[in-house]
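Raw contents of data.pdb, PDB, C-alpha atoms:
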ATOM      1  CA  MET U   1      -5.302  16.938  13.988
ATOM      2  CA  ALA U   2      -2.487  17.876  16.336
ATOM      3  CA  LYS U   3       0.993  18.331  14.910
ATOM      4  CA  ILE U   4       2.622  14.939  14.409
ATOM      5  CA  ARG U   5       6.126  14.675  15.763
ATOM      6  CA  LYS U   6       8.720  13.355  13.327
ATOM      7  CA  THR U   7      10.346  10.078  14.400
ATOM      8  CA  ARG U   8      13.302   8.104  13.154
ATOM      9  CA  GLN U   9      11.194   4.924  13.052
ATOM     10  CA  ARG U  10       8.464   6.502  10.901
ATOM     11  CA  ASP U  11      11.050   8.007   8.558
ATOM     12  CA  ALA U  12      12.736   4.592   8.236
ATOM     13  CA  ILE U  13       9.432   2.844   7.476
ATOM     14  CA  LEU U  14       8.449   5.392   4.845
ATOM     15  CA  GLY U  15      11.964   5.398   3.382
ATOM     16  CA  TYR U  16      11.932   1.613   3.140
ATOM     17  CA  LEU U  17       8.521   1.611   1.455
ATOM     18  CA  MET U  18       9.651   4.221  -1.050
ATOM     19  CA  THR U  19      12.364   1.827  -2.258
ATOM     20  CA  ARG U  20       9.911  -1.024  -2.837
ATOM     21  CA  ARG U  21       7.609  -1.710  -5.769
ATOM     22  CA  ASP U  22       6.347  -5.099  -4.563
ATOM     23  CA  HIS U  23       3.818  -3.803  -2.014
ATOM     24  CA  PRO U  24       5.206  -5.507   1.110
ATOM     25  CA  CYS U  25       3.160  -6.558   4.131
ATOM     26  CA  ALA U  26       3.910  -5.271   7.650
ATOM     27  CA  ASP U  27       6.083  -8.310   8.481
ATOM     28  CA  GLN U  28       8.263  -7.691   5.417
ATOM     29  CA  ILE U  29       8.546  -4.004   6.280
ATOM     30  CA  TYR U  30       9.478  -4.925   9.855
ATOM     31  CA  GLU U  31      12.235  -7.260   8.649
ATOM     32  CA  GLY U  32      13.558  -4.641   6.225
ATOM     33  CA  VAL U  33      13.556  -1.770   8.727
ATOM     34  CA  ARG U  34      15.236  -3.970  11.367
ATOM     35  CA  GLN U  35      18.346  -3.851   9.168
ATOM     36  CA  THR U  36      18.773  -0.186  10.118
ATOM     37  CA  ILE U  37      16.884  -0.065  13.442
ATOM     38  CA  PRO U  38      17.430  -3.474  15.084
ATOM     39  CA  ASN U  39      15.349  -2.710  18.189
ATOM     40  CA  ILE U  40      12.173  -1.607  16.372
ATOM     41  CA  SER U  41       9.104  -3.615  17.345
ATOM     42  CA  LEU U  42       6.449  -5.047  15.075
ATOM     43  CA  GLY U  43       3.874  -3.036  17.030
ATOM     44  CA  THR U  44       5.750   0.176  16.217
ATOM     45  CA  VAL U  45       5.692  -0.760  12.537
ATOM     46  CA  TYR U  46       1.923  -1.382  12.620
ATOM     47  CA  ARG U  47       1.203   1.855  14.498
ATOM     48  CA  ASN U  48       3.330   3.902  12.122
ATOM     49  CA  LEU U  49       1.817   2.264   9.037
ATOM     50  CA  ALA U  50      -1.650   3.182  10.343
ATOM     51  CA  LEU U  51      -0.528   6.766  10.945
ATOM     52  CA  LEU U  52       1.214   7.051   7.571
ATOM     53  CA  THR U  53      -1.977   5.789   5.921
ATOM     54  CA  GLU U  54      -4.077   8.287   7.863
ATOM     55  CA  LEU U  55      -1.705  11.108   6.849
ATOM     56  CA  GLY U  56      -1.938  10.065   3.197
ATOM     57  CA  ASP U  57       1.754   9.180   2.853
ATOM     58  CA  VAL U  58       1.031   5.465   2.330
ATOM     59  CA  ARG U  59      -1.821   3.479   0.791
ATOM     60  CA  THR U  60      -3.054   0.344   2.510
ATOM     61  CA  LEU U  61      -4.029  -2.336   0.011
ATOM     62  CA  TYR U  62      -6.683  -4.758   1.231
ATOM     63  CA  THR U  63      -6.013  -7.831  -0.874
ATOM     64  CA  GLY U  64      -8.782 -10.037   0.467
ATOM     65  CA  ALA U  65      -6.345 -12.863   1.171
ATOM     66  CA  GLY U  66      -3.533 -12.785   3.673
ATOM     67  CA  ALA U  67      -2.004  -9.680   5.142
ATOM     68  CA  ASP U  68      -2.675  -6.126   4.006
ATOM     69  CA  ARG U  69      -0.023  -4.665   1.732
ATOM     70  CA  TYR U  70       1.415  -1.151   1.688
ATOM     71  CA  ASP U  71       2.296   1.224  -1.128
ATOM     72  CA  ALA U  72       4.214   4.494  -0.808
ATOM     73  CA  ASP U  73       3.115   5.507  -4.315
ATOM     74  CA  THR U  74      -0.027   7.470  -3.461
ATOM     75  CA  ARG U  75      -0.637   8.707  -6.998
ATOM     76  CA  PRO U  76      -3.845   7.317  -8.493
ATOM     77  CA  HIS U  77      -3.207   3.855  -9.917
ATOM     78  CA  ASP U  78      -4.753   0.403  -9.866
ATOM     79  CA  HIS U  79      -3.449  -3.002  -8.821
ATOM     80  CA  PHE U  80      -3.486  -6.627  -9.939
ATOM     81  CA  ILE U  81      -3.577  -9.307  -7.219
ATOM     82  CA  CYS U  82      -2.628 -12.899  -8.023
ATOM     83  CA  ARG U  83      -5.053 -15.401  -6.461
ATOM     84  CA  LYS U  84      -2.292 -18.040  -6.172
ATOM     85  CA  CYS U  85       0.807 -16.244  -4.847
ATOM     86  CA  HIS U  86      -1.006 -13.089  -3.594
ATOM     87  CA  ARG U  87       1.588 -10.905  -5.300
ATOM     88  CA  VAL U  88       0.393  -7.327  -5.847
ATOM     89  CA  THR U  89       1.559  -5.408  -8.900
ATOM     90  CA  ASP U  90       0.794  -1.949 -10.237
ATOM     91  CA  MET U  91      -1.317  -1.605 -13.370
ATOM     92  CA  PRO U  92       0.322   1.408 -15.031
ATOM     93  CA  GLY U  93      -1.362   2.890 -18.034
ATOM     94  CA  PHE U  94      -4.801   1.497 -17.252
ATOM     95  CA  ASP U  95      -7.353   4.220 -17.954
ATOM     96  CA  ASN U  96     -10.218   3.889 -15.499
ATOM     97  CA  ALA U  97     -11.678   7.315 -16.389
ATOM     98  CA  PRO U  98     -14.764   5.757 -18.047
ATOM     99  CA  LEU U  99     -15.397   3.679 -14.918
ATOM    100  CA  LEU U 100     -15.052   6.754 -12.687
ATOM    101  CA  ARG U 101     -17.422   8.772 -14.885
ATOM    102  CA  ALA U 102     -20.017   6.004 -14.719
ATOM    103  CA  ALA U 103     -19.620   5.744 -10.945
ATOM    104  CA  ALA U 104     -19.981   9.525 -10.530
ATOM    105  CA  GLU U 105     -23.132   9.542 -12.664
ATOM    106  CA  ASN U 106     -24.720   6.872 -10.476
ATOM    107  CA  PHE U 107     -23.686   8.216  -7.076
ATOM    108  CA  PRO U 108     -25.636  11.037  -5.419
ATOM    109  CA  GLY U 109     -22.555  12.508  -3.699
ATOM    110  CA  THR U 110     -19.059  13.560  -4.707
ATOM    111  CA  LEU U 111     -16.431  10.938  -5.485
ATOM    112  CA  GLU U 112     -12.959  11.958  -4.324
ATOM    113  CA  SER U 113     -10.810   8.960  -5.169
ATOM    114  CA  SER U 114     -10.925   5.329  -6.173
ATOM    115  CA  SER U 115      -8.826   2.222  -6.149
ATOM    116  CA  THR U 116      -9.514  -0.720  -8.406
ATOM    117  CA  TYR U 117      -8.213  -4.231  -7.778
ATOM    118  CA  PHE U 118      -8.004  -6.787 -10.548
ATOM    119  CA  TYR U 119      -7.774 -10.441  -9.521
ATOM    120  CA  GLY U 120      -6.469 -13.365 -11.525
ATOM    121  CA  ILE U 121      -3.383 -15.528 -11.983
ATOM    122  CA  CYS U 122      -0.047 -13.814 -12.623
ATOM    123  CA  LYS U 123       2.337 -14.852 -15.387
ATOM    124  CA  LYS U 124       4.687 -16.604 -12.939
ATOM    125  CA  CYS U 125       1.876 -18.763 -11.502
ATOM    126  CA  LEU U 126       0.466 -19.764 -14.882
TER
END

So that I can check it, write out the structure of this file as structure tokens.
Amino acid sequence: MAKIRKTRQRDAILGYLMTRRDHPCADQIYEGVRQTIPNISLGTVYRNLALLTELGDVRTLYTGAGADRYDADTRPHDHFICRKCHRVTDMPGFDNAPLLRAAAENFPGTLESSSTYFYGICKKCL
């Protein structure tokens, strides 16, 4: 890949995401970044989110309902997605090592990473 030029917009998007723990969608990121860069376009946000994901600086979370969400915490961890409010929360402390071992034993290639989504109803929606 060619060297990627650093931009103020990309830095602002990544900086904004690093302050969030609620896994915002692109529209929320756009609204947040507009506070510091009023003339940024939604298209610029989408393009930079795609690039940041490709570079490994951001994880795209495919929730299955509504818009994709974004996470600047790229360390291995799993997520819970509420089926009512679509809120995405981290599942810290969940040990999925047994699941990964079982997957590796039943896959003829090499597993490099995983992401597990748990679906249900969050405490607020109950």

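Comparing the minimum interatomic distances between U:Arg8 and each of U:Ile37, U:Ala26, U:Ala65, U:Ala104, counting all atoms listed in the file, we find that U:Ile37 sits nearest.
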
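Minimum distance to U:Ala72 across U:Thr53, U:Ser115, U:Thr89, U:Asn106 (counting all atoms listed in the file) occurs at U:Thr53.
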
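As for atom CA of U:Arg75 and atom CA of U:Glu112, they are spaced 13.0 Å apart.
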
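Atom CA of U:Ile81 sits 29.1 Å away from atom CA of U:Gly109.
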
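Going from atom CA of U:Asp22 over to atom CA of U:Thr74, you cover 14.1 Å.
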
Completion exercise
One residue among U:Ala12, U:Leu51, U:Cys85, U:Cys122 is nearest to U:Ile29 when using all atoms listed in the file, and that residue is U:Ala12

Problem - Spatial sel., origin (5.3, -5.4, 3.3), limit 12 Å, only C-alpha atoms, listed as a PyMOL selection string - result: chain U and resi 13-14+16-33+42+45-46+49+58-61+66-72+87-88

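Closest approach to U:Phe94 among U:Thr116, U:Asp73, U:Leu111, U:Lys3 is made by U:Thr116 (distances from all atoms listed in the file).
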
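Of the residues listed (U:Met91, U:Ile40, U:Cys82, U:Ile4), U:Ile4 shows the shortest atom-to-atom separation from U:Leu55; distances use only C-alpha atoms.
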